[in-house]
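target_0.tsv follows; it contains TSV, C-alpha atoms.
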```
chain	number	residue	atom	x	y	z
A	1	ALA	CA	94.55	88.46	87.18
A	2	GLN	CA	96.80	90.53	89.35
A	3	SER	CA	99.27	88.84	91.66
A	4	VAL	CA	102.68	89.25	93.21
A	5	THR	CA	105.56	86.83	93.61
A	6	GLN	CA	108.12	87.18	96.35
A	7	LEU	CA	111.38	85.42	95.62
A	8	GLY	CA	113.02	83.99	98.72
A	9	SER	CA	110.90	83.03	101.67
A	10	HIS	CA	113.82	83.62	104.03
A	11	VAL	CA	116.56	86.25	103.80
A	12	SER	CA	119.40	86.66	106.28
A	13	VAL	CA	121.65	89.71	106.40
A	14	SER	CA	124.26	90.96	108.81
A	15	GLU	CA	123.52	94.04	110.84
A	16	GLY	CA	124.59	97.06	108.80
A	17	ALA	CA	124.38	95.24	105.47
A	18	LEU	CA	122.11	96.00	102.56
A	19	VAL	CA	118.61	94.56	102.68
A	20	LEU	CA	117.04	93.50	99.37
A	21	LEU	CA	113.65	91.83	99.31
A	22	ARG	CA	112.28	90.93	95.90
A	23	CYS	CA	108.78	91.35	94.55
A	24	ASN	CA	107.55	90.84	91.01
A	25	TYR	CA	104.03	91.61	89.91
A	26	SER	CA	101.87	90.39	87.10
A	27	SER	CA	99.40	92.87	85.80
A	28	SER	CA	98.01	93.91	82.49
A	29	VAL	CA	97.47	97.45	83.74
A	30	PRO	CA	99.56	99.71	85.96
A	31	PRO	CA	99.22	98.20	89.39
A	32	TYR	CA	98.84	99.65	92.84
A	33	LEU	CA	101.72	98.16	94.81
A	34	PHE	CA	102.40	98.10	98.52
A	35	TRP	CA	104.91	96.72	101.00
A	36	TYR	CA	103.73	95.74	104.47
A	37	VAL	CA	105.72	94.53	107.47
A	38	GLN	CA	104.46	92.15	110.14
A	39	TYR	CA	106.19	91.78	113.48
A	40	PRO	CA	105.54	88.65	115.56
A	41	ASN	CA	102.01	88.48	116.94
A	42	GLN	CA	101.08	91.79	115.40
A	43	GLY	CA	99.03	92.98	112.46
A	44	LEU	CA	100.44	94.32	109.22
A	45	GLN	CA	101.89	97.81	109.02
A	46	LEU	CA	102.29	99.77	105.80
A	47	LEU	CA	105.91	100.47	104.84
A	48	LEU	CA	105.32	102.22	101.54
A	49	LYS	CA	103.13	102.33	98.44
A	50	TYR	CA	103.66	103.04	94.77
A	51	THR	CA	101.65	106.04	93.64
A	52	SER	CA	103.00	106.47	90.08
A	53	ALA	CA	104.25	109.94	91.02
A	54	ALA	CA	107.80	108.64	91.25
A	55	THR	CA	109.41	105.32	90.52
A	56	LEU	CA	111.53	105.46	93.69
A	57	VAL	CA	109.30	105.38	96.73
A	58	LYS	CA	110.54	106.17	100.21
A	59	GLY	CA	108.84	104.60	103.18
A	60	ILE	CA	109.16	104.40	106.92
A	61	ASN	CA	112.13	103.09	108.88
A	62	GLY	CA	114.58	103.87	106.06
A	63	PHE	CA	113.04	101.48	103.53
A	64	GLU	CA	112.50	102.34	99.91
A	65	ALA	CA	111.31	100.53	96.80
A	66	GLU	CA	111.84	101.11	93.10
A	67	PHE	CA	109.11	100.46	90.55
A	68	LYS	CA	110.58	99.04	87.35
A	69	LYS	CA	107.96	98.53	84.69
A	70	SER	CA	110.37	96.85	82.28
A	71	GLU	CA	111.14	94.21	84.89
A	72	THR	CA	107.65	94.17	86.49
A	73	SER	CA	109.39	94.51	89.82
A	74	PHE	CA	108.96	96.47	93.02
A	75	HIS	CA	111.89	95.36	95.17
A	76	LEU	CA	112.27	96.64	98.72
A	77	THR	CA	115.66	97.86	99.93
A	78	LYS	CA	117.32	99.37	102.95
A	79	PRO	CA	120.95	100.46	102.89
A	80	SER	CA	121.82	99.30	106.39
A	81	ALA	CA	119.96	96.60	108.28
A	82	HIS	CA	119.11	97.05	111.93
A	83	MET	CA	118.25	94.33	114.41
A	84	SER	CA	114.76	95.79	114.73
A	85	ASP	CA	114.13	95.13	111.02
A	86	ALA	CA	113.74	91.40	111.69
A	87	ALA	CA	110.15	90.65	110.66
A	88	GLU	CA	107.97	89.23	107.89
A	89	TYR	CA	107.61	91.42	104.81
A	90	PHE	CA	104.74	91.21	102.37
A	91	CYS	CA	104.39	92.69	98.93
A	92	ALA	CA	100.81	93.33	97.87
A	93	VAL	CA	98.94	94.47	94.80
A	94	ARG	CA	95.53	95.99	94.71
A	95	ARG	CA	93.03	95.58	91.94
A	96	SER	CA	92.71	98.74	89.94
A	97	ASN	CA	89.08	98.39	88.93
A	98	THR	CA	86.18	97.71	91.22
A	99	GLY	CA	87.84	95.46	93.73
A	100	ASN	CA	89.26	96.74	96.96
A	101	GLN	CA	91.08	93.81	98.43
A	102	PHE	CA	94.81	93.26	98.44
A	103	TYR	CA	96.49	90.27	96.89
A	104	PHE	CA	99.49	89.46	99.04
A	105	GLY	CA	102.65	87.59	98.24
A	106	THR	CA	103.71	84.66	100.38
A	107	GLY	CA	106.04	86.83	102.40
A	108	THR	CA	109.76	87.01	103.11
A	109	SER	CA	111.08	86.45	106.59
A	110	LEU	CA	114.05	88.73	107.28
A	111	THR	CA	116.64	87.68	109.84
A	112	VAL	CA	119.28	90.17	110.92
A	113	ILE	CA	122.48	88.65	112.24
A	114	PRO	CA	124.36	90.66	114.84
B	1	ASP	CA	91.62	106.25	118.56
B	2	THR	CA	94.17	103.49	118.94
B	3	GLY	CA	93.63	101.67	115.69
B	4	VAL	CA	91.85	98.50	114.67
B	5	SER	CA	91.13	96.11	117.52
B	6	GLN	CA	90.14	92.46	117.40
B	7	ASP	CA	88.74	90.18	120.03
B	8	PRO	CA	89.66	87.58	121.11
B	9	ARG	CA	93.37	87.48	120.27
B	10	HIS	CA	93.47	83.72	120.61
B	11	LYS	CA	90.75	81.09	120.39
B	12	ILE	CA	91.08	77.34	120.83
B	13	THR	CA	88.04	75.31	119.95
B	14	LYS	CA	87.11	71.73	119.25
B	15	ARG	CA	86.17	70.59	115.79
B	16	GLY	CA	82.49	71.06	115.13
B	17	GLN	CA	82.03	74.02	117.46
B	18	ASN	CA	80.98	77.48	116.34
B	19	VAL	CA	83.20	80.51	116.92
B	20	THR	CA	82.66	84.23	116.53
B	21	PHE	CA	85.27	86.95	116.22
B	22	ARG	CA	84.81	90.67	116.59
B	23	CYS	CA	86.56	93.55	114.84
B	24	ASP	CA	86.34	97.21	115.80
B	25	PRO	CA	87.68	99.41	112.99
B	26	ILE	CA	89.08	102.90	113.22
B	27	SER	CA	86.02	104.99	114.01
B	28	GLU	CA	85.95	107.21	110.93
B	29	HIS	CA	86.59	104.35	108.49
B	30	ASN	CA	83.59	103.15	106.52
B	31	ARG	CA	85.33	100.20	104.85
B	32	LEU	CA	86.12	96.97	106.65
B	33	TYR	CA	87.90	93.87	105.39
B	34	TRP	CA	88.46	90.34	106.67
B	35	TYR	CA	91.50	88.29	105.68
B	36	ARG	CA	92.74	84.83	106.63
B	37	GLN	CA	96.43	84.07	107.05
B	38	THR	CA	97.80	80.56	107.36
B	39	LEU	CA	101.33	79.69	108.39
B	40	GLY	CA	103.89	80.65	105.78
B	41	GLN	CA	101.38	82.43	103.60
B	42	GLY	CA	100.30	85.97	103.01
B	43	PRO	CA	96.84	87.12	104.04
B	44	GLU	CA	94.01	86.00	101.77
B	45	PHE	CA	90.96	88.16	101.23
B	46	LEU	CA	87.68	86.86	102.65
B	47	THR	CA	85.15	89.67	102.49
B	48	TYR	CA	84.66	93.43	102.42
B	49	PHE	CA	82.06	95.85	103.78
B	50	GLN	CA	81.31	99.41	102.92
B	51	ASN	CA	79.31	100.72	105.83
B	52	GLU	CA	76.85	97.91	106.61
B	53	ALA	CA	76.76	96.50	103.08
B	54	GLN	CA	78.80	93.40	102.31
B	55	LEU	CA	80.04	94.18	98.81
B	56	GLU	CA	82.50	91.41	98.04
B	57	LYS	CA	82.99	87.84	99.16
B	58	SER	CA	85.80	85.51	98.23
B	59	ARG	CA	85.07	81.98	97.18
B	60	LEU	CA	87.23	81.08	100.20
B	61	LEU	CA	84.23	82.12	102.29
B	62	SER	CA	82.34	78.85	102.41
B	63	ASP	CA	78.75	78.49	103.60
B	64	ARG	CA	80.06	77.87	107.10
B	65	PHE	CA	81.42	81.41	107.26
B	66	SER	CA	79.27	84.47	107.76
B	67	ALA	CA	80.22	88.06	108.39
B	68	GLU	CA	78.10	90.96	109.49
B	69	ARG	CA	78.48	94.64	110.11
B	70	PRO	CA	75.01	95.55	111.35
B	71	LYS	CA	75.43	99.23	112.10
B	72	GLY	CA	78.36	100.00	109.89
B	73	SER	CA	80.72	100.07	112.83
B	74	PHE	CA	82.07	96.83	114.35
B	75	SER	CA	81.96	93.57	112.45
B	76	THR	CA	81.69	89.92	113.42
B	77	LEU	CA	82.96	86.87	111.61
B	78	GLU	CA	81.32	83.57	112.54
B	79	ILE	CA	82.53	80.13	111.60
B	80	GLN	CA	80.07	77.32	112.07
B	81	ARG	CA	81.01	73.66	112.53
B	82	THR	CA	84.71	74.44	112.62
B	83	GLU	CA	87.17	72.15	110.88
B	84	GLN	CA	90.88	71.71	111.49
B	85	GLY	CA	91.55	73.45	108.19
B	86	ASP	CA	90.01	76.60	109.63
B	87	SER	CA	93.00	77.00	111.95
B	88	ALA	CA	94.58	80.30	110.92
B	89	MET	CA	95.06	83.91	111.85
B	90	TYR	CA	92.00	85.99	111.01
B	91	LEU	CA	92.89	89.59	110.26
B	92	CYS	CA	90.60	92.57	110.09
B	93	ALA	CA	91.47	95.83	108.33
B	94	SER	CA	89.72	99.13	107.80
B	95	SER	CA	90.10	102.09	105.49
B	96	SER	CA	88.37	105.29	104.55
B	97	SER	CA	86.61	105.79	101.24
B	98	GLY	CA	88.64	106.78	98.26
B	99	GLY	CA	90.75	105.34	95.55
B	100	PRO	CA	92.82	102.19	95.52
B	101	LEU	CA	95.77	103.96	97.12
B	102	ASN	CA	93.91	104.30	100.39
B	103	GLU	CA	95.83	102.47	103.07
B	104	GLN	CA	94.23	99.58	104.91
B	105	TYR	CA	94.99	99.56	108.61
B	106	PHE	CA	95.24	96.08	110.08
B	107	GLY	CA	94.32	94.81	113.49
B	108	PRO	CA	96.49	92.38	115.47
B	109	GLY	CA	94.44	89.39	114.36
B	110	THR	CA	92.64	86.52	116.05
B	111	ARG	CA	94.53	83.25	116.04
B	112	LEU	CA	92.16	80.29	115.79
B	113	THR	CA	93.26	76.78	116.66
B	114	VAL	CA	90.81	73.96	115.95
B	115	THR	CA	91.66	70.73	117.77
```
Give the structure from the file, written as structure tokens.
Amino acid sequence: AQSVTQLGSHVSVSEGALVLLRCNYSSSVPPYLFWYVQYPNQGLQLLLKYTSAATLVKGINGFEAEFKKSETSFHLTKPSAHMSDAAEYFCAVRRSNTGNQFYFGTGTSLTVIP
Amino acid sequence: DTGVSQDPRHKITKRGQNVTFRCDPISEHNRLYWYRQTLGQGPEFLTYFQNEAQLEKSRLLSDRFSAERPKGSFSTLEIQRTEQGDSAMYLCASSSSGGPLNEQYFGPGTRLTVT
């Protein structure tokens, strides 16, 4: 079965500091991996997705993620946190065969300290 | 088109009552998904439509839950005889046909509170 694990349900960083949100996947085949962000009282918005074209994926709002097969990881980073980055972040994997639904991690709540 | 919309945004109901939620997907999308999100958890898949056909259902979708997409456009999710455990955010998403890299666009959700 495919699933993702997000380490750290809460992460706090100072404004301007590096953001690192961790995601590890379990999959017997190359997975389809995504990061979504959810702002309070809003739906989920796609940040980026792994397409296998490149291991370093750039997304919106300055975020990027690196696919590391040897570590089964797809961690999300941003060099400099902004107050507007405060939100819930979800890593998700999609089944690569006939299924179409996402399997989401439990989420990481990011707090940015001024 | 302004994206996926859901109605109502909030619903408070008493245990045992029936509730129905509506989702309007992005107009050109033929795939529609329902997810449930409880506090502190990621969204969990409930069911999926391609056009009007319901192609997948999670075992989370008990007999009290039913979803329809009669004309392949909007969808409804009905919960009969609601229980307190049904309290959650119900999210709808839509996507176009294609491979597994196709993005799902999410609506703002309907927050259900069962008292």
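Minimum atom-to-atom distance to Gln101 (chain A), evaluated using only C-alpha atoms, belongs to B:Lys57 out of B:Arg111, B:Arg22, B:His29, B:Lys57.
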Just want the 7 Å neighbourhood of Tyr48 (chain B), counted on all atoms listed in the file, with same-chain residues fewer than 3 positions away dropped. Output as an MDAnalysis selection string.
chainID B and resid 32:34 54:57
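If you measure from each of B:Ile79, B:Leu46, B:Leu60, B:Cys23 to chain A using all atoms listed in the file, the closest one turns out to be B:Leu46.
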Check which residues of chain B sit at most 12 Å from chain A using all atoms listed in the file, and return one row each with the closest pair of atoms and their distance in Å to one decimal, ordered by chain and rising number, as CSV.
```
residue,atom,partner,partner_atom,distance
B:Gly3,CA,A:Gly43,CA,10.7
B:Val4,CA,A:Gly43,CA,9.3
B:Ser5,CA,A:Gly43,CA,9.9
B:Gln6,CA,A:Gly43,CA,10.2
B:Arg9,CA,A:Asn41,CA,9.3
B:His10,CA,A:Asn41,CA,10.4
B:Arg31,CA,A:Asn100,CA,9.5
B:Leu32,CA,A:Gln101,CA,10.1
B:Tyr33,CA,A:Gln101,CA,7.7
B:Trp34,CA,A:Gln101,CA,9.3
B:Tyr35,CA,A:Gln101,CA,9.1
B:Arg36,CA,A:Phe104,CA,11.2
B:Gln37,CA,A:Thr106,CA,9.9
B:Thr38,CA,A:Thr106,CA,10.0
B:Leu39,CA,A:Thr106,CA,9.7
B:Gly40,CA,A:Thr106,CA,6.7
B:Gln41,CA,A:Thr106,CA,4.6
B:Gly42,CA,A:Thr106,CA,4.5
B:Pro43,CA,A:Phe104,CA,6.1
B:Glu44,CA,A:Tyr103,CA,6.9
B:Phe45,CA,A:Gln101,CA,6.3
B:Leu46,CA,A:Gln101,CA,8.8
B:Thr47,CA,A:Gln101,CA,8.3
B:Tyr48,CA,A:Gln101,CA,7.6
B:Phe49,CA,A:Asn100,CA,10.0
B:Gln50,CA,A:Asn100,CA,10.3
B:Leu55,CA,A:Gly99,CA,9.4
B:Glu56,CA,A:Gly99,CA,8.0
B:Lys57,CA,A:Gln101,CA,10.1
B:Ser58,CA,A:Gln101,CA,9.8
B:Met89,CA,A:Asn41,CA,9.8
B:Tyr90,CA,A:Gly43,CA,10.0
B:Leu91,CA,A:Gly43,CA,7.4
B:Cys92,CA,A:Gly43,CA,8.8
B:Ala93,CA,A:Gly43,CA,9.1
B:Ser94,CA,A:Gln101,CA,10.9
B:Ser95,CA,A:Asn100,CA,10.1
B:Ser96,CA,A:Asn100,CA,11.5
B:Ser97,CA,A:Asn100,CA,10.4
B:Gly98,CA,A:Asn100,CA,10.1
B:Gly99,CA,A:Asn100,CA,8.8
B:Pro100,CA,A:Ser96,CA,6.6
B:Leu101,CA,A:Tyr32,CA,6.8
B:Asn102,CA,A:Asn100,CA,9.5
B:Glu103,CA,A:Leu46,CA,7.5
B:Gln104,CA,A:Leu46,CA,8.1
B:Tyr105,CA,A:Gln45,CA,7.1
B:Phe106,CA,A:Gly43,CA,5.4
B:Gly107,CA,A:Gly43,CA,5.2
B:Pro108,CA,A:Gly43,CA,4.0
B:Gly109,CA,A:Gly43,CA,6.1
B:Thr110,CA,A:Asn41,CA,9.6
B:Arg111,CA,A:Asn41,CA,9.2
```
- Message: Residues within 9 Å of Asn24 (chain A), please, as a VMD selection string. Count all atoms listed in the file; anything in the same chain fewer than 2 positions from it doesn't count.
- Response: chain A and resid 3 to 7 22 26 71 to 75 91
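Atom pair CA of Ile60 (chain A) / CA of Gly8 (chain A): separated by 22.3 Å.
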- prompt: Which is closest to Pro25 (chain B) among B:Lys11, B:Arg69, B:Arg64, B:Arg59, if we use all atoms listed in the file?
  reply: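 Comparing B:Lys11, B:Arg69, B:Arg64, B:Arg59 against Pro25 (chain B), the winner is B:Arg69.
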At a cut-off of 10 Å, using all atoms listed in the file, what residues contact Thr20 (chain B)? Leave out same-chain residues fewer than 5 positions from it and give the result as a compact mmCIF listing (two decimals) with C-alpha atoms, keeping the file's coordinate frame.
```txt
# COMPACT_ATOMS: atom_id res chain seq x y z
CA ASP B 7 88.74 90.18 120.03
CA PRO B 8 89.66 87.58 121.11
CA LYS B 11 90.75 81.09 120.39
CA PHE B 65 81.42 81.41 107.26
CA SER B 66 79.27 84.47 107.76
CA ALA B 67 80.22 88.06 108.39
CA THR B 76 81.69 89.92 113.42
CA LEU B 77 82.96 86.87 111.61
CA GLU B 78 81.32 83.57 112.54
CA ILE B 79 82.53 80.13 111.60
CA GLN B 80 80.07 77.32 112.07
```
Given all atoms listed in the file as the counted atoms, nearest of B:Ser27, B:Thr2, B:Asn18, B:Thr13 to Leu112 (chain B):
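The closest residue to Leu112 (chain B) is B:Thr13.
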Q.
For region 70-72 of chain B, find every residue with an atom within 7 Å (counting all atoms listed in the file), except residues of its own chain fewer than 4 positions away, and show them as number ranges by chain.
A. B: 30, 51-52
_Rounded to one decimal, what separation in Å do you get between CA of Gly16 (chain B) and CA of Leu61 (chain B)?_
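Taking CA of Gly16 (chain B) and CA of Leu61 (chain B), their separation equals 17.0 Å.
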*Could you give me, as a VMD selection string, the residues that have an atom at most 9 Å away from the point (88.2, 74.7, 110.0) in the coordinates of the file, using all atoms listed in the file?*
chain B and resid 15 to 16 79 to 88 112 to 114
Taken to one decimal, the CA of Val19 (chain A)-CA of Gly62 (chain A) distance is 10.7 Å
- Task: Give the answer as one residue: which of A:His10, A:Leu47, A:Ser27, A:Ser52 has the shortest atom-to-atom distance to Thr77 (chain A), using only C-alpha atoms?
- Result: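 Ranking A:His10, A:Leu47, A:Ser27, A:Ser52 by distance to Thr77 (chain A), first place goes to A:Leu47.
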